[in-house]
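Novice: Input file: model33.txt. Contents: compact mmCIF, C-alpha atoms and all ligand atoms.
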```
# COMPACT_ATOMS: atom_id res chain seq x y z
CA MET A 1 41.72 31.70 7.10
CA GLN A 2 42.17 32.10 3.35
CA PRO A 3 42.62 35.81 2.56
CA VAL A 4 41.03 36.69 -0.78
CA GLN A 5 41.84 39.93 -2.50
CA ALA A 6 41.91 41.37 -5.98
CA PRO A 7 45.18 42.79 -7.33
CA PHE A 8 45.84 46.52 -7.07
CA PRO A 9 44.07 48.82 -7.82
CA ALA A 10 40.89 46.77 -7.27
CA THR A 11 42.16 46.27 -3.74
CA ARG A 12 43.39 49.36 -1.91
CA PHE A 13 43.94 48.66 1.77
CA ARG A 14 43.95 52.37 2.52
CA ARG A 15 40.25 52.78 1.58
CA PRO A 16 38.88 51.64 4.96
CA ARG A 17 41.64 53.48 6.81
CA ARG A 18 40.66 56.90 5.45
CA THR A 19 38.38 58.19 8.24
CA PRO A 20 37.82 57.46 11.93
CA ALA A 21 34.36 56.06 11.14
CA LEU A 22 35.70 53.62 8.57
CA ARG A 23 38.58 52.63 10.83
CA ALA A 24 36.17 51.97 13.68
CA LEU A 25 34.08 49.69 11.47
CA VAL A 26 36.99 47.41 10.58
CA GLN A 27 38.70 47.39 14.00
CA GLU A 28 39.29 43.76 14.97
CA THR A 29 40.07 44.09 18.68
CA THR A 30 38.60 46.18 21.46
CA LEU A 31 39.88 47.41 24.81
CA ALA A 32 37.60 48.39 27.68
CA PRO A 33 37.84 48.98 31.45
CA SER A 34 36.12 45.61 31.89
CA ASP A 35 39.31 43.97 30.60
CA PHE A 36 41.36 45.10 33.60
CA ILE A 37 42.37 43.71 36.97
CA TRP A 38 44.08 46.43 39.02
CA PRO A 39 46.96 45.27 41.29
CA VAL A 40 47.33 47.44 44.43
CA PHE A 41 49.83 47.43 47.28
CA VAL A 42 48.42 47.53 50.81
CA CYS A 43 50.36 48.76 53.84
CA ASP A 44 49.74 49.41 57.54
CA GLY A 45 48.53 52.73 58.89
CA ASP A 46 45.85 55.26 58.29
CA ASN A 47 45.58 57.59 55.32
CA VAL A 48 48.95 56.43 53.95
CA MET A 49 49.84 56.97 50.28
CA ASP A 50 53.45 56.05 49.83
CA GLU A 51 54.79 56.25 46.26
CA VAL A 52 56.91 53.30 45.12
CA PRO A 53 60.15 54.93 43.93
CA SER A 54 60.65 52.58 40.96
CA MET A 55 56.97 52.80 39.95
CA PRO A 56 56.06 56.47 39.53
CA GLY A 57 52.32 56.96 40.02
CA VAL A 58 51.90 53.70 42.00
CA PHE A 59 51.37 53.88 45.77
CA ARG A 60 51.41 51.64 48.79
CA GLN A 61 48.07 52.43 50.39
CA SER A 62 46.67 51.86 53.86
CA VAL A 63 43.42 49.90 54.05
CA ASP A 64 41.21 53.02 54.21
CA ARG A 65 42.84 54.34 51.02
CA VAL A 66 42.58 50.96 49.29
CA VAL A 67 38.84 51.01 50.00
CA ALA A 68 38.65 54.42 48.34
CA SER A 69 40.62 53.04 45.39
CA ALA A 70 38.25 50.09 45.20
CA ARG A 71 35.31 52.46 44.99
CA GLU A 72 37.10 54.40 42.27
CA ALA A 73 37.83 51.20 40.34
CA HIS A 74 34.20 50.14 40.52
CA ASP A 75 33.01 53.57 39.36
CA LEU A 76 35.40 53.36 36.40
CA GLY A 77 34.00 49.98 35.32
CA ILE A 78 37.04 47.94 36.39
CA PRO A 79 35.71 44.55 37.56
CA ALA A 80 38.49 43.45 39.91
CA ILE A 81 41.24 44.63 42.19
CA CYS A 82 44.20 42.43 43.22
CA LEU A 83 45.79 42.87 46.66
CA PHE A 84 49.50 42.64 47.47
CA PRO A 85 50.53 43.33 51.07
CA TYR A 86 53.61 45.22 52.18
CA THR A 87 54.26 43.25 55.36
CA ASP A 88 56.02 44.77 58.34
CA PRO A 89 59.52 43.14 58.30
CA ALA A 90 59.01 42.23 61.99
CA LYS A 91 56.17 39.91 60.92
CA LYS A 92 58.28 38.02 58.37
CA THR A 93 59.36 34.65 59.70
CA ARG A 94 60.73 31.40 58.35
CA ASP A 95 57.43 29.63 59.07
CA CYS A 96 55.47 32.41 57.29
CA ALA A 97 52.63 32.15 59.82
CA GLU A 98 51.42 35.67 59.02
CA ALA A 99 50.32 34.31 55.62
CA TRP A 100 47.27 32.61 57.14
CA ASN A 101 46.60 35.07 59.96
CA PRO A 102 42.88 35.87 59.52
CA ASP A 103 43.70 39.48 60.43
CA ASN A 104 46.73 40.03 58.21
CA LEU A 105 46.76 43.03 55.88
CA SER A 106 45.47 41.20 52.84
CA ASN A 107 42.54 39.64 54.70
CA THR A 108 41.72 42.90 56.51
CA ALA A 109 41.68 44.77 53.20
CA THR A 110 39.58 42.05 51.54
CA ARG A 111 36.92 42.29 54.24
CA ALA A 112 36.92 46.09 54.14
CA ILE A 113 36.53 46.18 50.36
CA LYS A 114 33.82 43.50 50.24
CA ASP A 115 31.98 45.47 52.91
CA ALA A 116 32.18 48.81 51.12
CA VAL A 117 32.08 47.78 47.44
CA PRO A 118 30.54 44.29 47.33
CA ASP A 119 30.17 44.26 43.55
CA LEU A 120 33.90 44.65 42.95
CA ALA A 121 35.72 41.32 42.68
CA VAL A 122 38.66 40.98 45.05
CA MET A 123 41.62 38.88 43.97
CA THR A 124 44.29 37.80 46.42
CA ASP A 125 47.77 36.37 45.94
CA VAL A 126 48.83 32.95 47.15
CA ALA A 127 52.59 32.69 47.72
CA LEU A 128 54.71 33.01 50.84
CA ASP A 129 57.13 35.74 49.73
CA PRO A 130 55.46 38.72 51.48
CA TYR A 131 55.69 36.82 54.79
CA ASN A 132 58.95 34.94 54.38
CA SER A 133 62.16 36.20 55.99
CA ASP A 134 63.92 34.30 53.16
CA GLY A 135 61.98 36.26 50.51
CA HIS A 136 61.03 33.09 48.63
CA ASP A 137 57.56 31.94 47.56
CA GLY A 138 58.04 28.71 49.53
CA PHE A 139 59.85 27.32 52.55
CA VAL A 140 63.63 27.20 52.27
CA ARG A 141 65.37 24.01 53.47
CA ASP A 142 68.25 24.66 55.85
CA SER A 143 70.65 22.03 54.56
CA ASP A 144 70.88 23.19 50.95
CA GLY A 145 68.65 26.24 50.42
CA TYR A 146 66.19 24.25 48.30
CA VAL A 147 62.64 25.65 48.17
CA VAL A 148 60.63 22.60 49.22
CA ASN A 149 57.49 21.81 47.25
CA ASP A 150 55.03 19.65 49.16
CA GLU A 151 55.39 21.34 52.57
CA THR A 152 54.97 24.68 50.82
CA VAL A 153 51.75 23.51 49.15
CA GLU A 154 50.30 22.66 52.58
CA ALA A 155 51.04 26.21 53.73
CA LEU A 156 49.58 27.68 50.54
CA VAL A 157 46.35 25.81 51.25
CA ARG A 158 46.15 27.38 54.74
CA GLN A 159 46.85 30.80 53.22
CA ALA A 160 44.20 30.39 50.52
CA LEU A 161 41.57 29.17 52.98
CA SER A 162 42.12 32.27 55.12
CA GLN A 163 41.70 34.42 52.01
CA ALA A 164 38.51 32.62 51.00
CA ALA A 165 37.15 33.01 54.54
CA ALA A 166 37.88 36.76 54.33
CA GLY A 167 35.74 36.92 51.18
CA ALA A 168 38.17 36.77 48.24
CA ASP A 169 36.35 36.15 44.96
CA ILE A 170 39.42 35.14 42.98
CA ILE A 171 42.52 33.46 44.36
CA GLY A 172 45.71 33.78 42.35
CA PRO A 173 48.44 31.28 43.21
CA SER A 174 51.66 32.93 42.00
CA ASP A 175 54.08 30.53 43.69
CA MET A 176 54.77 28.00 40.88
CA MET A 177 54.90 24.98 43.20
CA ASP A 178 53.79 21.68 41.63
CA GLY A 179 50.38 20.31 42.58
CA ARG A 180 49.08 23.43 44.25
CA ILE A 181 46.05 23.97 42.04
CA GLY A 182 44.73 20.48 42.76
CA ALA A 183 45.41 20.84 46.48
CA LEU A 184 43.77 24.27 46.62
CA ARG A 185 40.72 23.14 44.67
CA THR A 186 40.21 20.09 46.89
CA ALA A 187 40.54 22.15 50.07
CA LEU A 188 38.24 24.94 48.82
CA GLU A 189 35.55 22.39 47.90
CA ALA A 190 35.89 20.63 51.24
CA GLU A 191 35.71 23.84 53.28
CA GLY A 192 32.57 25.27 51.68
CA HIS A 193 34.25 27.63 49.21
CA GLN A 194 32.90 25.96 46.06
CA ASN A 195 32.54 29.24 44.17
CA VAL A 196 36.00 30.69 44.71
CA VAL A 197 37.65 31.24 41.34
CA LEU A 198 41.23 30.02 40.89
CA LEU A 199 43.24 32.15 38.50
CA SER A 200 46.45 30.20 38.17
CA TYR A 201 49.72 31.93 37.46
CA ALA A 202 50.30 28.91 35.24
CA ALA A 203 53.14 30.16 33.05
CA LYS A 204 55.17 32.42 35.29
CA TYR A 205 58.72 33.07 34.20
CA ALA A 206 61.81 33.76 36.33
CA SER A 207 61.95 37.36 35.15
CA ALA A 208 64.02 40.43 35.89
CA PHE A 209 60.90 42.48 35.16
CA TYR A 210 59.62 41.84 38.71
CA GLY A 211 62.28 44.08 40.30
CA PRO A 212 60.10 47.12 41.12
CA PHE A 213 57.37 44.85 42.58
CA ARG A 214 59.86 43.33 45.00
CA ASP A 215 60.74 46.88 46.10
CA ALA A 216 57.03 47.68 46.47
CA VAL A 217 56.33 44.72 48.77
CA GLY A 218 59.68 44.99 50.53
CA ALA A 219 60.89 41.57 49.35
CA SER A 220 64.03 42.65 47.47
CA GLY A 221 66.23 42.89 50.56
CA ALA A 222 64.99 39.60 51.98
CA LEU A 223 65.40 37.47 48.85
CA LYS A 224 68.36 35.15 48.92
CA GLY A 225 69.36 33.86 45.49
CA ASP A 226 66.83 33.71 42.67
CA LYS A 227 63.56 31.92 41.82
CA LYS A 228 64.82 29.88 38.87
CA GLY A 229 64.25 26.62 40.75
CA TYR A 230 60.48 27.09 40.54
CA GLN A 231 59.68 29.85 38.03
CA MET A 232 60.04 29.11 34.31
CA ASN A 233 63.05 29.57 32.09
CA PRO A 234 62.33 32.51 29.73
CA ALA A 235 63.64 30.37 26.86
CA ASN A 236 60.73 27.90 27.04
CA THR A 237 57.38 27.81 25.26
CA ASP A 238 56.16 24.20 25.09
CA GLU A 239 56.60 23.95 28.85
CA ALA A 240 54.13 26.85 29.27
CA LEU A 241 51.50 24.86 27.38
CA ARG A 242 52.13 21.79 29.53
CA LEU A 243 51.78 23.87 32.70
CA VAL A 244 48.52 25.43 31.54
CA ALA A 245 47.17 21.99 30.62
CA ARG A 246 48.21 20.66 34.02
CA ASP A 247 46.59 23.55 35.93
CA LEU A 248 43.33 23.36 33.95
CA THR A 249 43.21 19.64 34.64
CA GLU A 250 43.68 20.28 38.37
CA GLY A 251 40.80 22.78 38.54
CA ALA A 252 41.99 26.26 37.50
CA ASP A 253 39.13 28.42 36.18
CA MET A 254 41.40 30.90 34.47
CA VAL A 255 45.08 30.97 33.62
CA MET A 256 47.74 33.64 33.46
CA VAL A 257 50.93 34.30 31.56
CA LYS A 258 53.48 36.49 33.32
CA PRO A 259 55.27 38.78 32.50
CA GLY A 260 53.16 40.20 29.68
CA MET A 261 54.65 42.28 26.90
CA PRO A 262 57.77 40.14 26.28
CA TYR A 263 55.61 36.98 26.35
CA LEU A 264 52.73 37.74 23.98
CA ASP A 265 53.71 34.72 21.89
CA ILE A 266 52.92 32.56 24.93
CA CYS A 267 49.54 34.28 25.41
CA ARG A 268 48.59 33.56 21.82
CA ARG A 269 49.63 29.93 21.99
CA VAL A 270 47.83 29.37 25.31
CA LYS A 271 44.60 30.94 24.05
CA ASP A 272 44.70 29.01 20.78
CA ALA A 273 45.53 25.71 22.43
CA PHE A 274 42.98 25.74 25.27
CA GLY A 275 40.40 28.48 24.72
CA ALA A 276 40.28 29.02 28.49
CA PRO A 277 39.92 32.48 30.06
CA THR A 278 43.47 33.76 29.58
CA PHE A 279 45.06 36.69 31.38
CA ALA A 280 48.43 38.35 31.21
CA TYR A 281 50.19 40.34 33.88
CA GLN A 282 51.81 43.55 32.66
CA VAL A 283 54.31 43.46 35.50
CA SER A 284 56.04 46.13 37.52
CA GLY A 285 59.12 46.38 35.30
CA GLU A 286 56.95 46.84 32.23
CA TYR A 287 55.04 49.57 34.02
CA ALA A 288 58.30 51.19 35.15
CA MET A 289 59.68 51.27 31.60
CA LEU A 290 56.60 52.91 30.13
CA ALA A 291 55.83 55.25 33.02
CA GLY A 292 59.50 56.19 33.42
CA ALA A 293 59.93 57.00 29.74
CA ALA A 294 56.68 58.96 29.78
CA ARG A 295 57.79 61.02 32.81
CA ASN A 296 60.94 61.91 30.93
CA GLY A 297 58.98 62.99 27.86
CA TRP A 298 60.62 60.26 25.76
CA VAL A 299 57.32 58.66 24.72
CA ASP A 300 53.70 59.77 24.69
CA GLY A 301 52.63 58.09 27.94
CA GLU A 302 48.92 57.81 27.24
CA ARG A 303 49.38 56.42 23.76
CA VAL A 304 52.04 53.83 24.64
CA MET A 305 49.92 52.74 27.60
CA LEU A 306 46.80 52.11 25.51
CA GLU A 307 48.80 50.56 22.66
CA SER A 308 50.51 48.16 25.06
CA LEU A 309 47.17 47.15 26.57
CA MET A 310 45.52 46.65 23.20
CA ALA A 311 48.43 44.34 22.30
CA PHE A 312 47.37 41.94 25.06
CA ARG A 313 43.87 41.77 23.63
CA ARG A 314 45.25 41.25 20.12
CA ALA A 315 47.40 38.39 21.44
CA GLY A 316 44.25 36.63 22.62
CA CYS A 317 44.05 37.69 26.27
CA ASP A 318 40.62 38.06 27.82
CA GLY A 319 42.03 40.52 30.31
CA VAL A 320 45.16 42.00 31.78
CA LEU A 321 46.49 42.77 35.23
CA THR A 322 47.92 46.25 34.91
CA TYR A 323 49.02 49.06 37.21
CA PHE A 324 47.68 51.39 34.51
CA ALA A 325 44.10 50.18 35.08
CA PRO A 326 42.55 53.36 36.54
CA GLU A 327 44.44 55.72 34.23
CA ALA A 328 43.60 53.65 31.15
CA ALA A 329 39.97 53.25 32.23
CA ARG A 330 39.62 57.01 32.64
CA LEU A 331 40.88 57.55 29.10
CA LEU A 332 38.73 54.79 27.64
CA ASN A 333 35.66 56.17 29.37
CA GLY A 334 36.42 59.48 27.68
N1 LIG A 401 54.66 35.74 44.47
C1 LIG A 401 55.39 36.78 44.06
C2 LIG A 401 54.86 37.71 43.04
N2 LIG A 401 53.54 37.94 42.75
C3 LIG A 401 53.51 38.92 41.76
C4 LIG A 401 54.82 39.24 41.42
C5 LIG A 401 55.33 40.22 40.41
C6 LIG A 401 54.41 41.28 39.95
C7 LIG A 401 55.07 42.43 39.28
O1 LIG A 401 56.29 42.44 39.02
O2 LIG A 401 54.35 43.38 38.98
C8 LIG A 401 55.66 38.47 42.21
C9 LIG A 401 57.13 38.62 42.17
C10 LIG A 401 58.01 37.46 42.16
O3 LIG A 401 57.65 36.37 41.71
O4 LIG A 401 59.11 37.64 42.64
```
Before anything else, please render the file you have as C-alpha cells.
Specialist:
Amino acid sequence: MQPVQAPFPATRFRRPRRTPALRALVQETTLAPSDFIWPVFVCDGDNVMDEVPSMPGVFRQSVDRVVASAREAHDLGIPAICLFPYTDPAKKTRDCAEAWNPDNLSNTATRAIKDAVPDLAVMTDVALDPYNSDGHDGFVRDSDGYVVNDETVEALVRQALSQAAAGADIIGPSDMMDGRIGALRTALEAEGHQNVVLLSYAAKYASAFYGPFRDAVGASGALKGDKKGYQMNPANTDEALRLVARDLTEGADMVMVKPGMPYLDICRRVKDAFGAPTFAYQVSGEYAMLAGAARNGWVDGERVMLESLMAFRRAGCDGVLTYFAPEAARLLNG
C-alpha cells in the first residue's frame, strides 16, 4: 500500500473522526458475535454451576446447564461452543482410557447439545491432560519422564474418533504432538467422518497464561513438571509459521495461535503467510487479568473486553476463542 496524502491543512485526519457516523464509515475492522467460539467447562452432576475461583464469571457446568448455555449461545448468534471436561480425579489414569470412553463427559455433552441445538457447532478438545493422572497432554515414559510422541498420537486418534462419533463438528487438537494432524485426518476419512473440521492448535506456546484453565479442569495438581518439551518457546516466531505450514499440509482446515493477546504478531504473520482461516485463543490468564481488573474497578470491563477482541480481528484473525463470548455478544447485539 502506498499512502497518498496532501500536506496539512489539505489533509486533516480528524475530519472523518468528528462524528459517530463518519467514524463508522471509515472503520476498517468489525467485530460480531459470529466471530466467537465460546469455551465452556463441563462437570458431573445435575444443575451444577460452580464458579472457577481464578476466572470470575466463568463456571463449571453440568451437562444440563451446558445445554442451556448452548441454547443461549445460539440465540446470541455465536456459531460454536468448545467443550472442556472437568474429569473426576478417580477417572484419571496413566493409560488415559477415559479419553475415548464413548460416554465420557465431553461426548455426553456433545450428544446432548447436538440433540437440543443442532445448528450450533460443537468443538471438542483432543489432548490427554483432562484424563491423565500425570497431567500431561501425552503419555509419560516411566524411565525418564519424557512425553512420548507416537504412542500418544495413537491415543489421540482413538479420542478424536470417539468425539466424531458423538457428533463433534470441529475437533481441536491442542496437544502439540508431531504428526497428529495427518494421523487424525487419515483416521477420520477412513472411519466415515469426512466432514469433521480440524482446527489445529498449530502454534501453541508453553505459556504461564494457562494457569486458571488448569485450575478449571483440575489439572494443576496433577501436572508434573512443565510442557516445554512439546509446546512452543515463547521466544519463537519462524517456528510458528513452519508449524502452521506443516499442519495445513497434513489436512488442518483451520489453524490457531495460542495464547492470544501477547501473540498478535504471530496471528498477523500466520494470516499474511497462508491466508487460511486463522483463530486465536484468548486464554484463561488473559480473561483473568481483564475480568479481575474489571471486578476491582481498575479498568472499564466492557470497554477493555471489546477492545481486546477487536484487536484479534485487526491482527488478521477470522475468529477468537474467548470466555467473554456471551457477554461480548450481548453488548454487540445491543
Ligand atoms: N490440552 C490442554 C489445554 N487446552 C486448552 C488449554 C488452555 C486454555 C486456557 O488457558 O484458557 C490447555 C492448557 C494447557 O496446555 O496446559
Novice: Please return as a ChimeraX atom specification the residues found within 9 Å of ligand LIG 401 (chain A), counting only C-alpha atoms and all ligand atoms.
Specialist: /A:39,84,125-130,135-137,172-176,201,204-214,219-220,223,226-227,231,258-259,281-287,321-323
Novice: Skipping near chain neighbours, those fewer than 2 positions away, what residues fall within 10 Å of Leu331 of chain A using all atoms listed in the file, listed as an MDAnalysis selection string?
Specialist: chainID A and resid 32:33 302 306 326:329 333:334
Novice: Keeping only C-alpha atoms, write the selected residues to a file as a PDB file, in the coordinates of the input.
Specialist:
```
ATOM      1  CA  ALA A  32      37.600  48.390  27.680  1.00  0.00           C
ATOM      2  CA  PRO A  33      37.840  48.980  31.450  1.00  0.00           C
ATOM      3  CA  GLU A 302      48.920  57.810  27.240  1.00  0.00           C
ATOM      4  CA  LEU A 306      46.800  52.110  25.510  1.00  0.00           C
ATOM      5  CA  PRO A 326      42.550  53.360  36.540  1.00  0.00           C
ATOM      6  CA  GLU A 327      44.440  55.720  34.230  1.00  0.00           C
ATOM      7  CA  ALA A 328      43.600  53.650  31.150  1.00  0.00           C
ATOM      8  CA  ALA A 329      39.970  53.250  32.230  1.00  0.00           C
ATOM      9  CA  ASN A 333      35.660  56.170  29.370  1.00  0.00           C
ATOM     10  CA  GLY A 334      36.420  59.480  27.680  1.00  0.00           C
TER      11      GLY A 334
END
```
Novice: For Leu184 of chain A, which residue among A:Glu250, A:Asp64, A:Asp144, A:Asp134 is the nearest when counting all atoms listed in the file?
Specialist: A:Glu250
Novice: So how far away is atom CA of Gln194 of chain A from atom CA of Cys82 of chain A, in Å?
Specialist: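 Taking atom CA of Cys82 of chain A as the start and atom CA of Gln194 of chain A as the end point, the length is 20.2 Å.
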Novice: Residues around (43.1, 38.5, 48.5), cut-off 7 Å, counting all atoms listed in the file - what are they as a PDB file with C-alpha atoms, keeping the file's coordinate frame?
Specialist:
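Final output, point17.pdb:
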```pdb
ATOM      1  CA  CYS A  82      44.200  42.430  43.220  1.00  0.00           C
ATOM      2  CA  LEU A  83      45.790  42.870  46.660  1.00  0.00           C
ATOM      3  CA  SER A 106      45.470  41.200  52.840  1.00  0.00           C
ATOM      4  CA  ASN A 107      42.540  39.640  54.700  1.00  0.00           C
ATOM      5  CA  THR A 110      39.580  42.050  51.540  1.00  0.00           C
ATOM      6  CA  VAL A 122      38.660  40.980  45.050  1.00  0.00           C
ATOM      7  CA  MET A 123      41.620  38.880  43.970  1.00  0.00           C
ATOM      8  CA  THR A 124      44.290  37.800  46.420  1.00  0.00           C
ATOM      9  CA  ASP A 125      47.770  36.370  45.940  1.00  0.00           C
ATOM     10  CA  GLN A 163      41.700  34.420  52.010  1.00  0.00           C
ATOM     11  CA  ALA A 168      38.170  36.770  48.240  1.00  0.00           C
ATOM     12  CA  ILE A 171      42.520  33.460  44.360  1.00  0.00           C
TER      13      ILE A 171
END
```
Novice: For Ala183 of chain A, please output as a list in words all residues within 8 Å (counting all atoms listed in the file; exclusion window: fewer than 3 positions along the same chain).
Specialist: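 Result of the neighbour search: Val153, Val157, Gly179, Arg180, Thr186 and Ala187 of chain A.
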Novice: Which residues come within 10 Å of Leu31 of chain A, counting all atoms listed in the file, excluding same-chain residues fewer than 6 positions away, as a ChimeraX atom specification?
Specialist: /A:306-307,309-314,318-319,328-329,332
Novice: Which is closest to Asp44 of chain A among A:Asn132, A:Asn236, A:Ser308, A:Gln61, if we use only C-alpha atoms?
Specialist: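 Checking each candidate against Asp44 of chain A, we get A:Gln61 as the closest.
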Novice: Separation of atom CA of Val67 of chain A and atom CA of Ile113 of chain A, in Å?
Specialist: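 Taking atom CA of Val67 of chain A as the start and atom CA of Ile113 of chain A as the end point, the length is 5.4 Å.
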Novice: Taking 6 positions as the minimum chain separation for residues in the same chain, which residues sit within 9 Å of Ala97 of chain A when counting all atoms listed in the file? Answer as a PDB file with C-alpha atoms, in the coordinates of the input.
Specialist:
```pdb
ATOM      1  CA  LYS A  91      56.170  39.910  60.920  1.00  0.00           C
ATOM      2  CA  TYR A 131      55.690  36.820  54.790  1.00  0.00           C
ATOM      3  CA  ASN A 132      58.950  34.940  54.380  1.00  0.00           C
ATOM      4  CA  ALA A 155      51.040  26.210  53.730  1.00  0.00           C
ATOM      5  CA  GLN A 159      46.850  30.800  53.220  1.00  0.00           C
TER       6      GLN A 159
END
```
Novice: What is the distance between atom CA of Arg14 of chain A and atom CA of Met1 of chain A, in Å to one decimal?
Specialist: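 Straight-line distance from atom CA of Arg14 of chain A to atom CA of Met1 of chain A works out to 21.3 Å.
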Novice: So which residues touch segment 2-13 of chain A within 12 Å, counting all atoms listed in the file, skipping near sequence neighbours fewer than 5 positions away, as number ranges by chain?
Specialist: A: 18, 22-23, 26
Novice: Which of these, A:Ala160, A:Ala121, A:Ala216, A:Arg242, has the shortest distance to Val40 of chain A once you count only C-alpha atoms?
Specialist: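 Among A:Ala160, A:Ala121, A:Ala216, A:Arg242, it is A:Ala216 that comes nearest to Val40 of chain A.
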Novice: Here's a test: counting only C-alpha atoms, identify every protein, DNA and RNA residue with an atom at most 8 Å from (63.4, 42.3, 57.4) in the file's coordinate frame, and state them as a ChimeraX atom specification.
Specialist: /A:88-90,92,133,221-222
Novice: Find, counting all atoms listed in the file, the residue in A:Gly316, A:Gly45, A:Pro79, A:Gly145 that gets nearest to Arg268 of chain A.
Specialist: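 Residue with the minimum atom-to-atom distance to Arg268 of chain A: A:Gly316.
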Novice: Between A:Val244, A:Pro85, A:His74, A:Pro277, which has the minimum distance to Thr108 of chain A (counting all atoms listed in the file)?
Specialist: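 Among A:Val244, A:Pro85, A:His74, A:Pro277, it is A:Pro85 that comes nearest to Thr108 of chain A.
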Novice: Pick the closest to Arg295 of chain A from A:Val257, A:Met55, A:Leu25, A:Cys43: which is it, counting all atoms listed in the file?
Specialist: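 Using all atoms listed in the file, Arg295 of chain A sits closest to A:Met55.
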